[in-house]
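> For reference, the file start.tsv (TSV, C-alpha atoms) is included below:
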chain	number	residue	atom	x	y	z
A	13	MET	CA	-12.85	1.35	1.47
A	14	PHE	CA	-9.45	0.08	2.65
A	15	GLN	CA	-9.97	-3.55	1.75
A	16	ASN	CA	-6.90	-4.58	-0.30
A	17	ILE	CA	-3.62	-2.77	-0.91
A	18	CYS	CA	-0.75	-3.93	-3.10
A	19	ILE	CA	2.79	-2.61	-2.45
A	20	LEU	CA	4.67	-2.87	-5.72
A	21	PRO	CA	8.39	-2.68	-6.49
A	22	SER	CA	10.00	-0.22	-8.86
A	23	GLY	CA	12.23	-2.22	-11.18
A	24	SER	CA	14.47	-4.28	-8.91
A	25	ALA	CA	14.07	-1.93	-5.93
A	26	PHE	CA	11.72	-2.13	-2.98
A	27	PRO	CA	10.28	1.40	-2.93
A	28	THR	CA	8.95	1.50	0.59
A	29	ASP	CA	9.82	1.40	4.26
A	30	ILE	CA	8.84	-0.82	7.15
A	31	GLY	CA	6.70	1.93	8.72
A	32	LEU	CA	4.56	2.17	5.60
A	33	ILE	CA	3.93	-1.58	5.75
A	34	ALA	CA	2.88	-1.26	9.41
A	35	GLU	CA	0.52	1.61	8.65
A	36	ASN	CA	-1.13	-0.35	5.86
A	37	LEU	CA	-1.50	-3.37	8.15
A	38	LEU	CA	-3.36	-1.17	10.59
A	39	TYR	CA	-5.80	0.31	8.09
A	40	TYR	CA	-6.29	-2.31	5.35
A	41	GLN	CA	-8.00	-5.69	5.51
A	42	ASN	CA	-5.28	-7.27	3.33
A	43	VAL	CA	-1.74	-6.07	2.56
A	44	ASN	CA	0.08	-7.66	-0.39
A	45	ILE	CA	3.79	-7.11	-1.00
A	46	VAL	CA	5.16	-8.01	-4.43
A	47	SER	CA	8.65	-9.27	-3.74
A	48	VAL	CA	11.93	-8.40	-5.44
A	49	PRO	CA	15.38	-9.68	-4.35
A	50	ASP	CA	15.78	-7.16	-1.51
A	51	THR	CA	12.24	-7.45	-0.10
A	52	VAL	CA	12.72	-10.45	2.20
A	53	PRO	CA	16.08	-9.19	3.57
A	54	ILE	CA	14.53	-5.79	4.34
A	55	LEU	CA	11.59	-7.41	6.13
A	56	ILE	CA	13.79	-9.76	8.15
A	57	ASN	CA	16.33	-7.07	9.07
A	58	ASN	CA	13.56	-4.80	10.32
A	59	CYS	CA	11.10	-7.31	11.79
A	60	GLY	CA	13.06	-10.45	12.54
A	61	VAL	CA	12.24	-13.91	11.27
A	62	ASP	CA	9.74	-14.81	14.01
A	63	THR	CA	7.84	-11.55	13.60
A	64	LEU	CA	7.69	-11.96	9.82
A	65	ILE	CA	6.32	-15.48	10.21
A	66	GLU	CA	3.72	-14.16	12.65
A	67	LEU	CA	2.71	-11.42	10.19
A	68	LEU	CA	2.28	-13.95	7.40
A	69	THR	CA	0.64	-16.63	9.52
A	70	ASN	CA	-1.83	-14.76	11.70
A	71	ARG	CA	-2.02	-11.22	10.37
A	72	ASN	CA	-3.24	-9.68	7.14
A	73	LEU	CA	0.14	-9.66	5.32
A	74	LYS	CA	0.97	-11.66	2.21
A	75	ILE	CA	4.19	-11.82	0.15
A	76	LEU	CA	3.83	-12.48	-3.56
A	77	PHE	CA	6.64	-13.79	-5.78
A	78	LYS	CA	6.48	-13.20	-9.52
A	79	GLN	CA	6.97	-16.29	-11.65
A	80	ASN	CA	7.87	-14.20	-14.70
A	81	ILE	CA	9.15	-10.69	-15.27
A	82	LEU	CA	8.73	-7.96	-17.86
A	83	GLY	CA	11.77	-6.46	-19.51
A	84	VAL	CA	13.08	-4.26	-22.31
A	85	ILE	CA	15.58	-5.78	-24.76
A	86	ASP	CA	17.96	-3.59	-26.78
A	87	ARG	CA	20.18	-5.02	-29.53
A	88	GLN	CA	22.21	-3.52	-32.36
A	89	ASP	CA	21.52	-4.56	-35.94
A	90	ARG	CA	24.13	-4.63	-38.71
A	91	MET	CA	23.38	-1.02	-39.58
A	92	GLY	CA	24.10	0.14	-36.03
A	93	GLN	CA	20.45	0.80	-35.28
A	94	THR	CA	19.13	-0.05	-31.82
A	95	ILE	CA	16.33	-2.61	-32.08
A	96	THR	CA	14.10	-2.58	-29.03
A	97	ASP	CA	11.34	-4.88	-27.87
A	98	VAL	CA	9.46	-5.80	-24.71
A	99	THR	CA	9.59	-9.35	-23.42
A	100	LEU	CA	8.21	-11.65	-20.77
A	101	VAL	CA	10.86	-13.86	-19.16
A	102	SER	CA	10.54	-16.79	-16.80
A	103	SER	CA	13.08	-19.16	-15.30
A	104	PRO	CA	11.83	-22.66	-14.41
A	105	ASP	CA	14.85	-23.15	-12.16
A	106	LEU	CA	14.15	-20.02	-10.08
A	107	THR	CA	11.31	-21.36	-7.93
A	108	THR	CA	9.49	-19.53	-5.15
A	109	GLU	CA	11.35	-21.70	-2.66
A	110	GLU	CA	14.70	-20.68	-4.13
A	111	MET	CA	13.77	-16.99	-4.14
A	112	ILE	CA	12.74	-17.13	-0.48
A	113	PHE	CA	15.97	-18.96	0.41
A	114	ARG	CA	18.10	-16.32	-1.31
A	115	GLY	CA	16.30	-13.57	0.60
A	116	VAL	CA	16.61	-15.25	4.00
A	117	PHE	CA	20.26	-16.14	3.42
A	118	ALA	CA	21.03	-12.55	2.33
A	119	ALA	CA	19.65	-11.37	5.69
A	120	THR	CA	21.13	-14.07	7.96
A	121	SER	CA	24.19	-15.56	6.15
A	122	ARG	CA	23.25	-18.91	7.73
A	123	ARG	CA	22.60	-21.60	5.16
A	124	GLY	CA	21.10	-24.33	7.34
A	125	TYR	CA	19.01	-21.86	9.32
A	126	SER	CA	17.82	-20.26	6.08
A	127	LYS	CA	16.55	-23.61	4.80
A	128	ARG	CA	14.57	-24.14	8.01
A	129	VAL	CA	13.07	-20.68	7.77
A	130	VAL	CA	12.08	-21.28	4.15
A	131	ASN	CA	10.02	-24.30	5.24
A	132	LYS	CA	8.12	-22.06	7.67
A	133	LEU	CA	7.60	-19.23	5.20
A	134	LEU	CA	6.76	-21.22	2.08
A	135	PRO	CA	3.15	-22.13	3.01
A	136	HIS	CA	2.34	-18.47	3.55
A	137	VAL	CA	3.53	-16.92	0.29
A	138	ASP	CA	1.84	-16.96	-3.10
A	139	ALA	CA	3.09	-17.03	-6.67
A	140	ILE	CA	1.75	-14.64	-9.30
A	141	SER	CA	2.31	-14.45	-13.05
A	142	TYR	CA	1.74	-11.96	-15.83
A	143	GLN	CA	-0.64	-13.07	-18.54
A	144	ASN	CA	0.88	-14.00	-21.92
A	145	ASN	CA	-0.76	-11.05	-23.68
A	146	ILE	CA	0.78	-8.40	-21.47
A	147	CYS	CA	3.58	-7.58	-23.97
A	148	ASP	CA	0.94	-6.87	-26.61
A	149	LEU	CA	-0.79	-4.52	-24.16
A	150	VAL	CA	2.52	-2.70	-23.59
A	151	ARG	CA	3.03	-2.31	-27.34
A	152	GLU	CA	-0.49	-0.88	-27.62
A	153	ASP	CA	0.38	1.62	-24.90
A	154	LEU	CA	3.51	2.67	-26.78
A	155	ASN	CA	1.52	3.19	-29.96
A	156	ASN	CA	-1.04	5.34	-28.18
A	157	LYS	CA	0.53	8.68	-29.11
A	158	GLU	CA	-1.59	10.82	-26.82
A	159	TYR	CA	-0.72	8.67	-23.81
A	160	PHE	CA	2.96	8.10	-24.61
A	161	LYS	CA	3.62	11.78	-25.31
A	162	GLN	CA	2.05	12.76	-22.01
A	163	ALA	CA	4.04	10.04	-20.26
A	164	ILE	CA	7.25	11.51	-21.71
A	165	ILE	CA	6.25	14.96	-20.47
A	166	GLU	CA	5.43	13.68	-16.96
A	167	THR	CA	8.69	11.72	-16.77
A	168	ILE	CA	10.78	14.77	-17.69
A	169	LYS	CA	8.84	16.95	-15.24
A	170	PHE	CA	9.37	14.35	-12.52
A	171	TYR	CA	13.13	14.72	-12.76
A	172	HIS	CA	13.16	18.46	-13.46
A	173	SER	CA	9.94	20.36	-12.80
A	174	SER	CA	11.05	23.45	-14.74
A	175	LEU	CA	11.58	21.46	-17.95
A	176	THR	CA	8.30	21.77	-19.77
A	177	LEU	CA	7.16	20.30	-23.05
A	178	ARG	CA	3.85	20.29	-24.86
A	179	PRO	CA	2.50	17.26	-26.71
A	180	GLU	CA	2.80	19.15	-29.99
A	181	ASP	CA	6.54	19.63	-29.29
A	182	ILE	CA	7.11	15.88	-29.43
A	183	ASP	CA	7.31	13.82	-32.58
A	184	TYR	CA	8.09	10.11	-32.43
A	185	GLU	CA	7.60	6.88	-34.29
A	186	PHE	CA	8.15	3.20	-33.63
A	187	ILE	CA	9.44	1.69	-36.86
A	188	LYS	CA	8.52	-1.98	-37.00
A	189	LYS	CA	11.35	-4.46	-37.48
A	190	GLU	CA	11.38	-8.26	-37.62
A	191	SER	CA	12.79	-8.58	-34.09
A	192	GLY	CA	11.22	-5.50	-32.54
A	193	PHE	CA	11.08	-1.81	-33.36
A	194	VAL	CA	13.29	1.25	-33.73
A	195	PHE	CA	12.33	4.29	-31.69
A	196	VAL	CA	12.82	7.53	-33.63
A	197	SER	CA	12.02	10.93	-32.17
A	198	ASN	CA	12.93	14.61	-32.20
A	199	LEU	CA	13.84	14.54	-28.50
A	200	ASN	CA	17.34	15.79	-27.69
A	201	PHE	CA	18.17	13.34	-24.91
A	202	GLU	CA	21.66	14.74	-24.36
A	203	LYS	CA	20.29	18.24	-23.77
A	204	ILE	CA	17.47	16.97	-21.55
A	205	ASN	CA	19.81	14.91	-19.37
A	206	SER	CA	22.40	17.67	-19.05
A	207	SER	CA	19.80	19.97	-17.51
A	208	ILE	CA	18.61	17.42	-14.91
A	209	PRO	CA	20.28	17.76	-11.50
A	210	ASN	CA	21.53	14.66	-9.69
A	211	ASN	CA	22.05	12.83	-12.96
A	212	PRO	CA	25.70	11.73	-12.69
A	213	LYS	CA	25.54	9.16	-15.49
A	214	GLY	CA	23.68	11.58	-17.73
A	215	ASN	CA	21.14	9.04	-18.97
A	216	LEU	CA	18.10	9.19	-16.69
A	217	ILE	CA	15.97	9.94	-19.74
A	218	ASN	CA	16.54	7.71	-22.77
A	219	PRO	CA	14.36	5.65	-25.12
A	220	SER	CA	14.74	2.45	-23.10
A	221	SER	CA	13.89	4.13	-19.79
A	222	LEU	CA	10.78	5.75	-21.29
A	223	ILE	CA	9.62	2.38	-22.60
A	224	LEU	CA	10.47	0.72	-19.28
A	225	ASN	CA	8.27	3.20	-17.43
A	226	ILE	CA	5.30	2.27	-19.60
A	227	LEU	CA	6.07	-1.43	-19.18
A	228	GLU	CA	6.36	-1.21	-15.36
A	229	LEU	CA	3.10	0.69	-15.05
A	230	ARG	CA	1.28	-1.85	-17.20
A	231	GLY	CA	2.72	-4.61	-14.98
A	232	ASP	CA	1.57	-2.80	-11.83
A	233	ILE	CA	-1.96	-2.48	-13.18
A	234	ASN	CA	-2.01	-6.14	-14.22
A	235	ILE	CA	-1.05	-7.35	-10.73
A	236	ALA	CA	-3.33	-4.95	-8.86
A	237	SER	CA	-6.22	-5.92	-11.13
A	238	ASP	CA	-5.70	-9.62	-10.44
A	239	LEU	CA	-5.67	-8.92	-6.70
A	240	GLY	CA	-8.53	-6.42	-6.78
A	241	ALA	CA	-6.26	-4.08	-4.81
A	242	GLU	CA	-5.28	-0.45	-4.57
A	243	ILE	CA	-1.68	0.39	-5.49
A	244	VAL	CA	1.40	1.64	-3.67
A	245	SER	CA	4.19	2.12	-6.20
A	246	SER	CA	7.03	4.51	-6.99
A	247	ASP	CA	6.30	8.23	-7.21
A	248	LEU	CA	6.96	8.24	-10.94
A	249	ASN	CA	4.67	5.28	-11.60
A	250	THR	CA	1.98	7.01	-9.55
A	251	GLN	CA	2.25	10.08	-11.78
A	252	LEU	CA	2.02	7.95	-14.91
A	253	LEU	CA	-0.95	6.16	-13.39
A	254	ARG	CA	-2.75	9.50	-13.35
A	255	VAL	CA	-2.12	9.86	-17.08
A	256	LYS	CA	-3.18	6.38	-18.13
A	257	PHE	CA	-5.83	5.34	-15.64
A	258	ARG	CA	-7.29	8.44	-14.04
A	259	ASP	CA	-10.03	6.54	-12.19
A	260	ILE	CA	-7.56	4.13	-10.58
A	261	TYR	CA	-5.22	7.01	-9.78
A	262	ASN	CA	-8.03	8.99	-8.15
A	263	LYS	CA	-9.02	6.02	-6.00
A	264	THR	CA	-5.43	5.27	-4.98
A	265	THR	CA	-4.47	8.84	-4.14
A	266	ARG	CA	-7.84	9.49	-2.48
A	267	SER	CA	-7.17	6.67	-0.01
A	268	ALA	CA	-3.63	7.89	0.67
A	269	GLN	CA	-4.82	11.48	1.18
A	270	ASP	CA	-7.69	10.38	3.40
A	271	LEU	CA	-5.34	8.39	5.63
A	272	PHE	CA	-2.88	11.29	5.84
A	273	GLN	CA	-5.63	13.71	6.84
A	274	PHE	CA	-7.10	11.15	9.20
A	275	ASN	CA	-3.76	10.76	10.99
A	276	GLU	CA	-3.29	14.53	11.17
A	277	PHE	CA	-6.81	15.04	12.52
A	278	LEU	CA	-6.72	12.26	15.09
A	279	LEU	CA	-3.17	12.37	16.34
A	280	ASN	CA	-2.82	16.17	16.54
A	281	ASN	CA	0.78	16.66	17.71
A	282	GLY	CA	1.46	12.95	17.72
A	283	HIS	CA	3.43	11.01	15.15
A	284	SER	CA	2.11	8.64	12.54
A	285	ILE	CA	2.53	4.88	12.92
A	286	ARG	CA	4.93	5.04	9.98
A	287	GLU	CA	7.13	7.67	11.64
A	288	VAL	CA	7.17	6.00	15.06
A	289	ILE	CA	8.42	2.73	13.60
A	290	ASN	CA	10.84	4.20	11.06
A	291	ASN	CA	12.58	6.40	13.63
A	292	GLY	CA	13.05	3.45	15.99
A	293	ASP	CA	10.82	4.61	18.84
A	294	LYS	CA	8.71	1.49	18.33
A	295	ASN	CA	9.26	-1.84	16.62
A	296	PHE	CA	6.95	-4.49	15.23
A	297	GLU	CA	6.78	-6.28	18.59
A	298	ASP	CA	5.35	-3.08	20.07
A	299	PHE	CA	3.11	-2.60	17.06
A	300	PHE	CA	1.53	-6.02	17.56
A	301	GLN	CA	-0.05	-4.76	20.77
A	302	ILE	CA	-2.30	-2.38	18.86
A	303	LEU	CA	-2.57	-4.54	15.74
A	304	ASP	CA	-4.16	-7.21	17.95
A	305	LYS	CA	-6.92	-4.77	18.84
A	306	ALA	CA	-7.45	-3.22	15.41
A	307	ASP	CA	-9.83	-5.75	13.84
A	308	ARG	CA	-13.00	-3.81	14.63
A	309	PHE	CA	-11.34	-0.54	13.61
A	310	ARG	CA	-10.36	-1.99	10.21
A	311	GLY	CA	-13.86	-3.37	9.89
A	312	TRP	CA	-15.29	0.10	10.46
A	313	LEU	CA	-12.94	1.59	7.83
A	314	LYS	CA	-13.89	-1.14	5.35
A	315	ASN	CA	-17.54	-0.17	5.61
A	316	VAL	CA	-16.98	3.55	5.00
A	317	GLY	CA	-18.36	4.26	1.53
A	318	GLU	CA	-15.86	5.17	-1.18
A	319	ASP	CA	-17.67	8.47	-1.71
A	320	LYS	CA	-17.41	9.39	1.98
A	321	ASN	CA	-14.85	11.44	3.89
A	322	ILE	CA	-13.47	9.25	6.66
A	323	ILE	CA	-12.93	12.18	9.04
A	324	GLN	CA	-16.59	13.12	8.72
A	325	GLU	CA	-17.64	9.47	9.05
A	326	TYR	CA	-15.45	9.11	12.12
A	327	HIS	CA	-17.08	12.16	13.67
A	328	ASN	CA	-20.54	10.82	12.86
A	329	ALA	CA	-19.72	7.43	14.37
A	330	VAL	CA	-18.34	8.97	17.56
A	331	ALA	CA	-21.03	11.62	18.00
A	332	SER	CA	-24.09	9.60	17.03
A	333	GLU	CA	-26.47	8.57	19.77
A	334	THR	CA	-26.92	4.97	20.80
A	335	TRP	CA	-30.06	3.43	22.22
A	336	VAL	CA	-28.61	3.92	25.73
A	337	ASP	CA	-28.25	7.67	25.09
A	338	LYS	CA	-31.94	7.82	24.20
A	339	LEU	CA	-33.17	6.30	27.48
A	340	PRO	CA	-34.94	8.67	29.89
A	341	PRO	CA	-32.47	9.93	32.53
A	342	LYS	CA	-34.46	8.42	35.41
A	343	ILE	CA	-34.43	4.91	33.91
A	344	LEU	CA	-30.75	5.23	32.99
A	345	ARG	CA	-29.76	6.21	36.53
A	346	TRP	CA	-31.87	3.48	38.04
A	347	SER	CA	-30.52	0.89	35.67
A	348	PHE	CA	-26.94	1.51	36.76
A	349	PHE	CA	-27.34	2.09	40.48
A	350	THR	CA	-29.92	0.59	42.82
A	351	GLY	CA	-28.03	1.24	46.01
A	352	ALA	CA	-27.03	-2.36	46.54
A	353	GLY	CA	-26.25	-3.36	43.00
A	354	LEU	CA	-26.85	-3.16	39.27
A	355	VAL	CA	-30.07	-3.84	37.44
A	356	LEU	CA	-29.91	-4.72	33.75
A	357	ASP	CA	-33.43	-6.01	33.28
A	358	ALA	CA	-34.81	-2.52	33.67
A	359	ILE	CA	-33.22	-1.67	30.34
A	360	LEU	CA	-33.66	-4.96	28.56
A	361	THR	CA	-37.21	-5.82	29.57
A	362	GLY	CA	-38.75	-2.43	30.24
A	363	GLY	CA	-38.62	-2.36	34.02
A	364	ILE	CA	-38.95	-5.76	35.66
A	365	GLY	CA	-35.59	-5.26	37.38
A	366	THR	CA	-33.48	-8.02	38.88
A	367	ALA	CA	-30.26	-7.18	40.68
A	368	ILE	CA	-27.40	-9.18	39.16
A	369	GLY	CA	-24.37	-7.49	40.69
A	370	LEU	CA	-23.41	-6.20	44.13
A	371	GLY	CA	-20.86	-3.66	45.33
A	372	LEU	CA	-20.30	-2.07	41.90
A	373	SER	CA	-18.09	1.00	41.83
A	374	LEU	CA	-18.43	4.10	39.69
A	375	GLY	CA	-15.65	2.70	37.49
A	376	ASP	CA	-17.63	-0.50	37.02
A	377	ALA	CA	-20.65	1.48	35.96
A	378	LEU	CA	-18.66	3.55	33.47
A	379	LEU	CA	-17.18	0.36	32.04
A	380	LEU	CA	-20.60	-1.16	31.62
A	381	ASN	CA	-21.83	2.05	30.05
A	382	LYS	CA	-19.19	1.65	27.32
A	383	ILE	CA	-20.22	-1.95	26.76
A	384	LEU	CA	-23.91	-1.12	26.52
A	385	LYS	CA	-23.31	1.75	24.14
A	386	GLY	CA	-21.31	-0.48	21.84
A	387	TRP	CA	-17.95	-0.15	20.12
A	388	ARG	CA	-17.04	3.07	18.35
A	389	PRO	CA	-13.82	3.82	16.42
A	390	ASN	CA	-12.69	6.43	18.96
A	391	ILE	CA	-12.34	3.66	21.57
A	392	PHE	CA	-9.47	2.20	19.56
A	393	VAL	CA	-8.04	5.60	18.58
A	394	GLU	CA	-8.08	7.04	22.10
A	395	ASN	CA	-7.06	3.92	24.00
A	396	GLU	CA	-4.55	2.35	21.61
A	397	LEU	CA	-3.48	4.48	18.65
A	398	LYS	CA	-2.83	7.80	20.39
A	399	PRO	CA	-0.79	6.37	23.29
A	400	PHE	CA	1.30	4.36	20.82
A	401	THR	CA	2.17	7.37	18.65
A	402	LYS	CA	2.46	9.95	21.43
A	403	SER	CA	5.39	8.01	22.86
A	404	ALA	CA	7.59	9.05	19.93
A	405	LYS	CA	10.49	11.28	20.88
Can the structure in the file be given as structure tokens, please?

Amino acid sequence: MFQNICILPSGSAFPTDIGLIAENLLYYQNVNIVSVPDTVPILINNCGVDTLIELLTNRNLKILFKQNILGVIDRQDRMGQTITDVTLVSSPDLTTEEMIFRGVFAATSRRGYSKRVVNKLLPHVDAISYQNNICDLVREDLNNKEYFKQAIIETIKFYHSSLTLRPEDIDYEFIKKESGFVFVSNLNFEKINSSIPNNPKGNLINPSSLILNILELRGDINIASDLGAEIVSSDLNTQLLRVKFRDIYNKTTRSAQDLFQFNEFLLNNGHSIREVINNGDKNFEDFFQILDKADRFRGWLKNVGEDKNIIQEYHNAVASETWVDKLPPKILRWSFFTGAGLVLDAILTGGIGTAIGLGLSLGDALLLNKILKGWRPNIFVENELKPFTKSAK
């Protein structure tokens, strides 16, 4: 569990916060952020350039820039019908270097400085591309009536939970045209939009937006599949993920729920990493202090089976006996204190006993006891994670 996570944009927006990135860095082996125009400025404004470079260079963060994008094209024919199609667009002139520069300059407004920063960032970002057949896969999704009808229902419910439709209430057809298709349905979009609160433009739900939702989800799945990663996306895309790919949805939401419960269980009245950073009590410089010590903790999480409950596994790991616990009390006492010093050979060789330390205090013995018993996840949680989050106001 908790090996790779992919934080995906929603359209042109970056649907996350800096605290969520920090929390994923703590728990996951690899954190991938798919960049849109406002991603780099958000990261720099919240982390700073030096911290971002450190995250990319020596931590488990990676920024990915898309070399092509999916889109929906609408055009009017001579009869006034709206012809729609999905398309894959790339721009040879818009290189990864140029996209990074635009992001850095948007955050700093310093052209020369931005160019120098780009040279530092460029080796640590990757380019990704959609496969050429992805538009065909989107069209197949749209023609899957069971799926598309349920996606329409979930989209409407997302914006207004009391608006309910049944699949049998919906009738639609994509009429094939030379340059795309015409979407025809019995949906009353004007009535649907007028009943949705916080819909000032009155067009949250329309044919193009419904198609765009399907397209974005297919793009998310394509990227996550290439990376072998779990998904963090918009709330709406997550709901549609449940409709289309139940197994992937279950895995993604299971991880998110497990981490939420894990934080609640461990931190008690404390705050989550996400909350501490988002409310300004801590910043990424502070966060590095525990991130530096989290490698073994992440390694433990990685090895928790996907069918396991991490709270139960944490309890088992903390409560389980070690070989030191199983030693007879007399040998254990003798091994730590011999009056003048400490004897390790009594444990390691069965009782030969050679004093290797003198003047050891009780604190020294307790420290050695921890070392001999080996690392457990509660060492990190108790010594690093709890103090970090308890400091929140």
> Go through A:Leu82, A:Ile235, A:Ile226, A:Val116 and flag the residue nearest A:Thr250, using only C-alpha atoms for the distances.
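The closest residue to A:Thr250 is A:Ile226.
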> Please produce, as a Markdown table, a per-residue contact table for stretch 180-276 of chain A versus stretch 97-110 of chain A (criterion: any atom at most 9 Å away, only C-alpha atoms considered), showing the nearest atom pair and its distance in Å to one decimal, sorted by chain then residue number.

| residue | atom | partner | partner_atom | distance |
| --- | --- | --- | --- | --- |
| A:Ser191 | CA | A:Asp97 | CA | 7.4 |
| A:Gly192 | CA | A:Asp97 | CA | 4.7 |
| A:Phe193 | CA | A:Asp97 | CA | 6.3 |
| A:Val194 | CA | A:Asp97 | CA | 8.7 |
| A:Ile223 | CA | A:Val98 | CA | 8.4 |
| A:Leu224 | CA | A:Val98 | CA | 8.5 |
| A:Leu227 | CA | A:Val98 | CA | 7.8 |
> Using only C-alpha atoms, which residue out of A:Glu318, A:Asp50, A:Glu190, A:Asp89 lies closest to A:Asp29?
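Looking only at the distances to A:Asp29, the closest residue turns out to be A:Asp50.
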> Give the answer as one residue: which of A:Thr69, A:Asn225, A:Gln93, A:Ser267 has the shortest atom-to-atom distance to A:Lys132, using all atoms listed in the file?
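The answer is A:Thr69, which sits nearest to A:Lys132.
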> If I take atom CA of A:Leu38 and atom CA of A:Leu55, how far is one from the other in Å, to one decimal?
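Distance reported for this atom pair: 16.8 Å.
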> Residues near A:Phe113, anyone? I mean within 10 Å using all atoms listed in the file, not counting same-chain ones fewer than 2 positions away, as a PyMOL selection string.
chain A and resi 52+107-111+115-119+123+125-131+133-134
> Please compute the atom CA of A:Val84-atom CA of A:Glu158 distance, one decimal, in Å.
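Between atom CA of A:Val84 and atom CA of A:Glu158 the gap is 21.5 Å.
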> Find the residues around A:Lys256 up to 12 Å (only C-alpha atoms counted), leave out those fewer than 2 positions away in its own chain, and share them as a PyMOL selection string.
chain A and resi 153-154+156-163+166+225-226+229-230+233+249-254+258-262
> So how many Å separate atom CA of A:Gly231 and atom CA of A:Val137, to one decimal?
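These two atoms are separated by 19.6 Å.
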> Which is closest to A:Asp270 among A:Asp232, A:Asn295, A:Leu67, A:Phe14, if we use only C-alpha atoms?
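Using only C-alpha atoms, the shortest distance to A:Asp270 belongs to A:Phe14.
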> Have a look at A:Cys59, A:Val196, A:Leu222, A:Cys18 and name the one nearest to A:Lys294; count only C-alpha atoms.
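Under the stated criterion, the closest residue is A:Cys59.
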> Looking at A:Leu303, A:Ile33, A:Leu199, A:Leu149, which one is nearest to A:Glu228, with distances taken over all atoms listed in the file?
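Among A:Leu303, A:Ile33, A:Leu199, A:Leu149, it is A:Leu149 that comes nearest to A:Glu228.
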> Every residue with an atom at most 9 Å from (-11.0, -1.0, 13.1) (file coordinates; only C-alpha atoms) is what I'm after, so could you write them as a ChimeraX atom specification?
/A:38-39,305-314,388-389,392
